[in-house]
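See below for structure-v5.pdb, which holds PDB, C-alpha atoms and all ligand atoms.
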```
ATOM      1  CA  MET T   1       0.000   0.000   0.000
ATOM      2  CA  ARG T   2       1.448   3.370  -1.003
ATOM      3  CA  ASN T   3       1.319   6.366   1.391
ATOM      4  CA  VAL T   4       0.852   8.788  -1.478
ATOM      5  CA  THR T   5      -0.631   8.268  -4.953
ATOM      6  CA  ILE T   6       0.231  10.105  -8.152
ATOM      7  CA  TYR T   7      -3.288  11.514  -8.000
ATOM      8  CA  ASP T   8      -2.631  12.915  -4.483
ATOM      9  CA  ILE T   9       0.382  14.750  -5.869
ATOM     10  CA  TYR T  10      -1.405  15.884  -9.044
ATOM     11  CA  GLN T  11      -4.322  17.463  -7.239
ATOM     12  CA  HIS T  12      -2.298  19.322  -4.598
ATOM     13  CA  PRO T  13      -2.341  23.119  -5.192
ATOM     14  CA  ILE T  14       1.500  23.270  -5.074
ATOM     15  CA  ALA T  15       1.729  20.749  -7.931
ATOM     16  CA  GLN T  16      -1.033  22.487  -9.869
ATOM     17  CA  LYS T  17       0.684  25.860  -9.536
ATOM     18  CA  TYR T  18       4.257  24.888 -10.336
ATOM     19  CA  ILE T  19       4.030  21.889 -12.686
ATOM     20  CA  ARG T  20       1.755  23.841 -15.049
ATOM     21  CA  ARG T  21       4.525  26.422 -15.621
ATOM     22  CA  SER T  22       6.358  23.951 -17.821
ATOM     23  CA  GLY T  23       3.350  21.868 -18.876
ATOM     24  CA  MET T  24       1.183  19.279 -17.136
ATOM     25  CA  ALA T  25       0.925  17.199 -20.339
ATOM     26  CA  HIS T  26       4.751  17.001 -20.457
ATOM     27  CA  ALA T  27       4.923  16.026 -16.768
ATOM     28  CA  ILE T  28       2.324  13.263 -17.197
ATOM     29  CA  SER T  29       4.030  11.965 -20.299
ATOM     30  CA  VAL T  30       7.425  11.838 -18.525
ATOM     31  CA  ALA T  31       5.766  10.018 -15.597
ATOM     32  CA  TYR T  32       4.460   7.374 -18.056
ATOM     33  CA  HIS T  33       7.858   6.997 -19.759
ATOM     34  CA  ALA T  34       9.561   6.737 -16.354
ATOM     35  CA  PHE T  35       7.054   4.069 -15.286
ATOM     36  CA  SER T  36       7.714   1.987 -18.417
ATOM     37  CA  LEU T  37      11.505   2.342 -18.145
ATOM     38  CA  ALA T  38      11.404   1.409 -14.454
ATOM     39  CA  CYS T  39       9.385  -1.692 -15.329
ATOM     40  CA  GLU T  40      11.914  -2.697 -17.987
ATOM     41  CA  LYS T  41      14.890  -2.205 -15.681
ATOM     42  CA  GLY T  42      13.432  -3.597 -12.466
ATOM     43  CA  ILE T  43      13.385  -0.237 -10.652
ATOM     44  CA  ASN T  44      10.589   0.836  -8.283
ATOM     45  CA  PRO T  45       7.911   2.149 -10.728
ATOM     46  CA  ASP T  46       6.193   4.241  -8.046
ATOM     47  CA  LEU T  47       9.336   6.282  -7.329
ATOM     48  CA  ALA T  48      10.089   6.618 -11.051
ATOM     49  CA  ALA T  49       6.576   7.817 -11.955
ATOM     50  CA  LYS T  50       6.506  10.315  -9.072
ATOM     51  CA  ALA T  51       9.911  11.716 -10.009
ATOM     52  CA  GLY T  52       8.756  11.886 -13.649
ATOM     53  CA  LEU T  53       5.657  13.875 -12.731
ATOM     54  CA  LEU T  54       7.636  16.205 -10.458
ATOM     55  CA  HIS T  55      10.843  16.587 -12.483
ATOM     56  CA  ASP T  56      10.098  20.135 -13.744
ATOM     57  CA  ILE T  57       8.266  21.449 -10.653
ATOM     58  CA  GLY T  58      11.151  23.856  -9.984
ATOM     59  CA  HIS T  59      10.539  26.179 -12.914
ATOM     60  CA  TYR T  60      10.289  29.909 -12.546
ATOM     61  CA  THR T  61       7.946  31.892 -14.847
ATOM     62  CA  TRP T  62      10.160  32.708 -17.803
ATOM     63  CA  TYR T  63       7.332  33.998 -19.978
ATOM     64  CA  LYS T  64       7.714  37.223 -21.921
ATOM     65  CA  ASP T  65       4.800  38.238 -24.196
ATOM     66  CA  GLY T  66       3.279  34.769 -23.817
ATOM     67  CA  GLU T  67       6.453  32.944 -24.916
ATOM     68  CA  TRP T  68       9.172  31.301 -22.851
ATOM     69  CA  ASP T  69      12.231  33.608 -22.764
ATOM     70  CA  TYR T  70      15.004  31.074 -23.398
ATOM     71  CA  ASN T  71      17.837  33.574 -23.144
ATOM     72  CA  ALA T  72      16.892  34.634 -19.628
ATOM     73  CA  TYR T  73      16.165  30.999 -18.779
ATOM     74  CA  LYS T  74      19.581  29.747 -19.932
ATOM     75  CA  LYS T  75      21.398  32.450 -17.988
ATOM     76  CA  ASN T  76      19.476  32.256 -14.723
ATOM     77  CA  ASP T  77      17.742  28.905 -14.388
ATOM     78  CA  ILE T  78      18.134  26.751 -11.267
ATOM     79  CA  HIS T  79      14.997  24.596 -11.749
ATOM     80  CA  PRO T  80      16.577  21.262 -10.730
ATOM     81  CA  ILE T  81      17.608  22.713  -7.337
ATOM     82  CA  LYS T  82      14.336  24.516  -6.761
ATOM     83  CA  GLY T  83      12.432  21.458  -8.017
ATOM     84  CA  ALA T  84      14.161  19.032  -5.656
ATOM     85  CA  GLU T  85      13.253  21.264  -2.718
ATOM     86  CA  ARG T  86       9.645  21.811  -3.842
ATOM     87  CA  ALA T  87       9.129  18.132  -4.610
ATOM     88  CA  HIS T  88      10.523  17.112  -1.221
ATOM     89  CA  LYS T  89       8.392  19.604   0.695
ATOM     90  CA  LEU T  90       5.253  18.527  -1.160
ATOM     91  CA  LEU T  91       5.907  14.806  -0.722
ATOM     92  CA  ILE T  92       6.605  15.121   3.008
ATOM     93  CA  ARG T  93       3.516  17.280   3.445
ATOM     94  CA  LEU T  94       1.435  14.587   1.717
ATOM     95  CA  GLY T  95       2.831  11.916   4.039
ATOM     96  CA  GLU T  96       5.382  10.234   1.762
ATOM     97  CA  ASN T  97       7.926   7.922   3.357
ATOM     98  CA  PRO T  98      11.007  10.145   4.044
ATOM     99  CA  LYS T  99      13.416   7.736   2.318
ATOM    100  CA  ALA T 100      11.205   7.659  -0.806
ATOM    101  CA  ALA T 101      10.827  11.460  -0.687
ATOM    102  CA  LYS T 102      14.621  11.804  -0.619
ATOM    103  CA  GLU T 103      15.133   9.429  -3.560
ATOM    104  CA  ILE T 104      12.471  11.149  -5.654
ATOM    105  CA  SER T 105      13.905  14.595  -4.857
ATOM    106  CA  LEU T 106      17.421  13.514  -5.790
ATOM    107  CA  ALA T 107      16.096  12.215  -9.126
ATOM    108  CA  VAL T 108      14.472  15.634  -9.670
ATOM    109  CA  LEU T 109      17.764  17.360  -8.783
ATOM    110  CA  LEU T 110      19.755  15.243 -11.238
ATOM    111  CA  HIS T 111      17.239  14.872 -14.112
ATOM    112  CA  THR T 112      19.170  17.368 -16.211
ATOM    113  CA  ASP T 113      22.918  17.823 -16.425
ATOM    114  CA  SER T 114      22.620  21.569 -17.077
ATOM    115  CA  LEU T 115      23.858  22.457 -13.592
ATOM    116  CA  LEU T 116      26.337  19.654 -13.033
ATOM    117  CA  PRO T 117      30.118  19.672 -13.400
ATOM    118  CA  GLU T 118      30.920  17.464 -16.387
ATOM    119  CA  GLY T 119      31.630  13.806 -15.766
ATOM    120  CA  GLN T 120      31.745  14.010 -12.007
ATOM    121  CA  ILE T 121      28.446  12.438 -11.037
ATOM    122  CA  GLN T 122      27.517   8.787 -11.234
ATOM    123  CA  LEU T 123      23.731   8.658 -11.594
ATOM    124  CA  SER T 124      21.718   5.975  -9.827
ATOM    125  CA  ARG T 125      19.459   3.870 -12.076
ATOM    126  CA  LEU T 126      16.391   5.770 -10.878
ATOM    127  CA  GLN T 127      18.034   9.119 -11.644
ATOM    128  CA  GLU T 128      19.088   7.858 -15.079
ATOM    129  CA  ILE T 129      15.542   6.694 -15.880
ATOM    130  CA  VAL T 130      14.022  10.085 -15.067
ATOM    131  CA  HIS T 131      16.628  11.815 -17.252
ATOM    132  CA  ILE T 132      15.903   9.445 -20.174
ATOM    133  CA  ALA T 133      12.116   9.766 -19.695
ATOM    134  CA  ASP T 134      12.425  13.562 -19.948
ATOM    135  CA  GLU T 135      14.560  13.276 -23.102
ATOM    136  CA  MET T 136      12.002  10.874 -24.651
ATOM    137  CA  ASP T 137       9.252  13.478 -24.400
ATOM    138  CA  LYS T 138      11.233  16.452 -25.721
ATOM    139  CA  GLN T 139      10.018  18.038 -28.960
ATOM    140  CA  PRO T 140      11.706  20.528 -31.315
ATOM    141  CA  ASN T 141      11.572  24.204 -30.240
ATOM    142  CA  HIS T 142      10.580  23.197 -26.706
ATOM    143  CA  GLN T 143       7.054  22.392 -27.883
ATOM    144  CA  HIS T 144       6.694  19.740 -25.166
ATOM    145  CA  HIS T 145       6.326  22.597 -22.648
ATOM    146  CA  TYR T 146       3.328  24.046 -24.518
ATOM    147  CA  ARG T 147       1.344  20.834 -25.120
ATOM    148  CA  GLN T 148      -2.077  20.869 -23.482
ATOM    149  CA  LEU T 149      -4.585  18.263 -22.341
ATOM    150  CA  ASP T 150      -8.107  18.726 -21.030
ATOM    151  CA  GLN T 151      -8.077  18.471 -17.248
ATOM    152  CA  SER T 152     -10.523  15.564 -17.492
ATOM    153  CA  LYS T 153      -7.970  13.700 -19.635
ATOM    154  CA  GLU T 154      -5.166  14.588 -17.234
ATOM    155  CA  LYS T 155      -7.135  13.100 -14.344
ATOM    156  CA  LEU T 156      -7.966   9.982 -16.334
ATOM    157  CA  LEU T 157      -4.320   9.445 -17.254
ATOM    158  CA  ILE T 158      -3.131  10.002 -13.681
ATOM    159  CA  LYS T 159      -5.688   7.542 -12.281
ATOM    160  CA  GLN T 160      -4.730   5.010 -14.956
ATOM    161  CA  LEU T 161      -1.064   5.407 -14.033
ATOM    162  CA  ASP T 162      -1.865   4.845 -10.347
ATOM    163  CA  LYS T 163      -3.661   1.631 -11.300
ATOM    164  CA  LYS T 164      -0.685   0.490 -13.370
ATOM    165  CA  ILE T 165       1.717   1.201 -10.501
ATOM    166  CA  GLU T 166      -0.471  -0.707  -8.065
ATOM    167  CA  ALA T 167      -0.716  -3.643 -10.489
ATOM    168  CA  ALA T 168       3.014  -3.736 -11.328
ATOM    169  CA  PRO T 169       4.821  -5.861 -12.429
ATOM    170  CA  GLN T 170       1.810  -7.477 -14.168
ATOM    171  CA  SER T 171       0.885  -4.108 -15.690
ATOM    172  CA  CYS T 172       4.361  -3.464 -17.061
ATOM    173  CA  SER T 173       3.425  -4.019 -20.710
ATOM    174  CA  SER T 174       3.496  -1.035 -23.059
ATOM    175  CA  PRO T 175       0.868   1.665 -22.541
ATOM    176  CA  SER T 176      -2.589   0.927 -23.898
ATOM    177  CA  ILE T 177      -3.675   2.368 -27.234
ATOM    178  CA  ARG T 178      -6.114   4.542 -25.327
ATOM    179  CA  THR T 179      -3.297   6.005 -23.223
ATOM    180  CA  ILE T 180      -1.161   6.732 -26.280
ATOM    181  CA  SER T 181      -4.036   8.509 -28.027
ATOM    182  CA  LEU T 182      -4.713  10.624 -24.934
ATOM    183  CA  LEU T 183      -1.055  11.587 -24.554
ATOM    184  CA  SER T 184      -0.637  12.571 -28.194
ATOM    185  CA  ASN T 185      -3.466  15.129 -28.140
TER
HETATM  186 FE    FE W 201      11.168  18.227 -18.661
END
```
Could you quickly redo this structure as structure tokens?
Amino acid sequence: MRNVTIYDIYQHPIAQKYIRRSGMAHAISVAYHAFSLACEKGINPDLAAKAGLLHDIGHYTWYKDGEWDYNAYKKNDIHPIKGAERAHKLLIRLGENPKAAKEISLAVLLHTDSLLPEGQIQLSRLQEIVHIADEMDKQPNHQHHYRQLDQSKEKLLIKQLDKKIEAAPQSCSSPSIRTISLLSN
């Protein structure tokens, strides 16, 4: 039995406020990729999916005239640091096991190498999965951050992911056709 579900995280106002800055559809998609990769590699799919959903929760609002200002972002961004802290605070507040909260937060911290000194960090398998899951969802011109889903579809996908996590490893087959069609909208 899990202390905290993906749906608990999704519906918390902190997650709603901060994950939406860089796209809820992207976050859900990365959570699905992380789940599938964790299944393949024998990693805890619950931790992977949670870290996938939360990986970009650290973003600041970089919008200028409705568009993301990538110059300011590249110069000033610290979203992995901010994200690890926000994710940890949210998970603990929701009642997550402290060891799990730490692992998820570290995967958020290390999901991108933009802030890391080159070649000096050996990623854990969970951290590697979250990084790969994020890369899998990236689209040209950062379009993955602008993709939108109806909130009813978001909720459906999150609940479906919770069911898959609870039914793992039996549910570790590739996502259903219905899930793929929902994610591609
Ligand atoms: Fe991302």
Fill in: Of the listed residues T:Lys75, T:Arg21, T:Lys155, T:His12, that which approaches His59 of chain T most closely, counting all atoms listed in the file
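Result for the nearest residue to His59 of chain T: T:Arg21.
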Fill in: Residue contacts of Phe35 of chain T (12 Å, all atoms listed in the file) excluding same-chain residues fewer than 6 positions away, as JSON, numbers by chain
{"T": [6, 28, 29, 41, 42, 43, 44, 45, 46, 47, 48, 49, 50, 51, 52, 53, 126, 129, 130, 132, 133, 134, 158, 160, 161, 162, 163, 164, 165, 166, 167, 168, 169, 171, 172, 173, 174, 175]}
Item to complete: Please evaluate the PyMOL selection byres (((not hetatm)) within 8 of (chain W and resi 201)) against the displayed coordinates and give the resulting residues as a PyMOL selection string.
Response: chain T and resi 22+26-27+30+55-56+134-135+137-138+145
Item to complete: Return the single residue from T:Leu149, T:Pro140, T:Ile9, T:Ala34 that is closest to Ala87 of chain T, with distances computed using all atoms listed in the file.
Response: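 Answer, going by the shortest atom-to-atom distance: T:Ile9.
Selection result for the displayed file, with the PyMOL selection byres (((chain T and resi 79) around 9) and not hetatm) as criterion, is Asp56, Ile57, Gly58, His59, Tyr60, Asp77, Ile78, Pro80, Ile81, Lys82, Gly83, Ala84 and Leu109 of chain T.
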Worksheet entry | Interatomic distance, atom CA of Trp62 of chain T to atom CA of Lys74 of chain T (Å, one decimal) |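 Atom-to-atom, atom CA of Trp62 of chain T to atom CA of Lys74 of chain T, that is 10.1 Å.
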Practice prompt. Using only C-alpha atoms, find the one residue out of T:Ile14, T:Val108, T:Met24, T:Met1 that sits nearest to Asp150 of chain T.
Written response: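 Looking at the shortest contact to Asp150 of chain T, the residue is T:Met24.
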Fill in: Val4 of chain T surroundings by all atoms listed in the file, 9 Å radius, close-in-sequence under 2 positions cut, as a list in words
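Final neighbour list, sorted by chain and number: Met1, Arg2, Ile6, Tyr7, Asp8, Ile9, Leu91, Leu94, Gly95, Glu96 and Asn97 of chain T.
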Worksheet item: the PyMOL selection byres (((chain T and resi 88) around 9) and not hetatm) on the file shown: which residues, as an MDAnalysis selection string?
Response: chainID T and resid 83:87 89:93 98 101:102 104:105
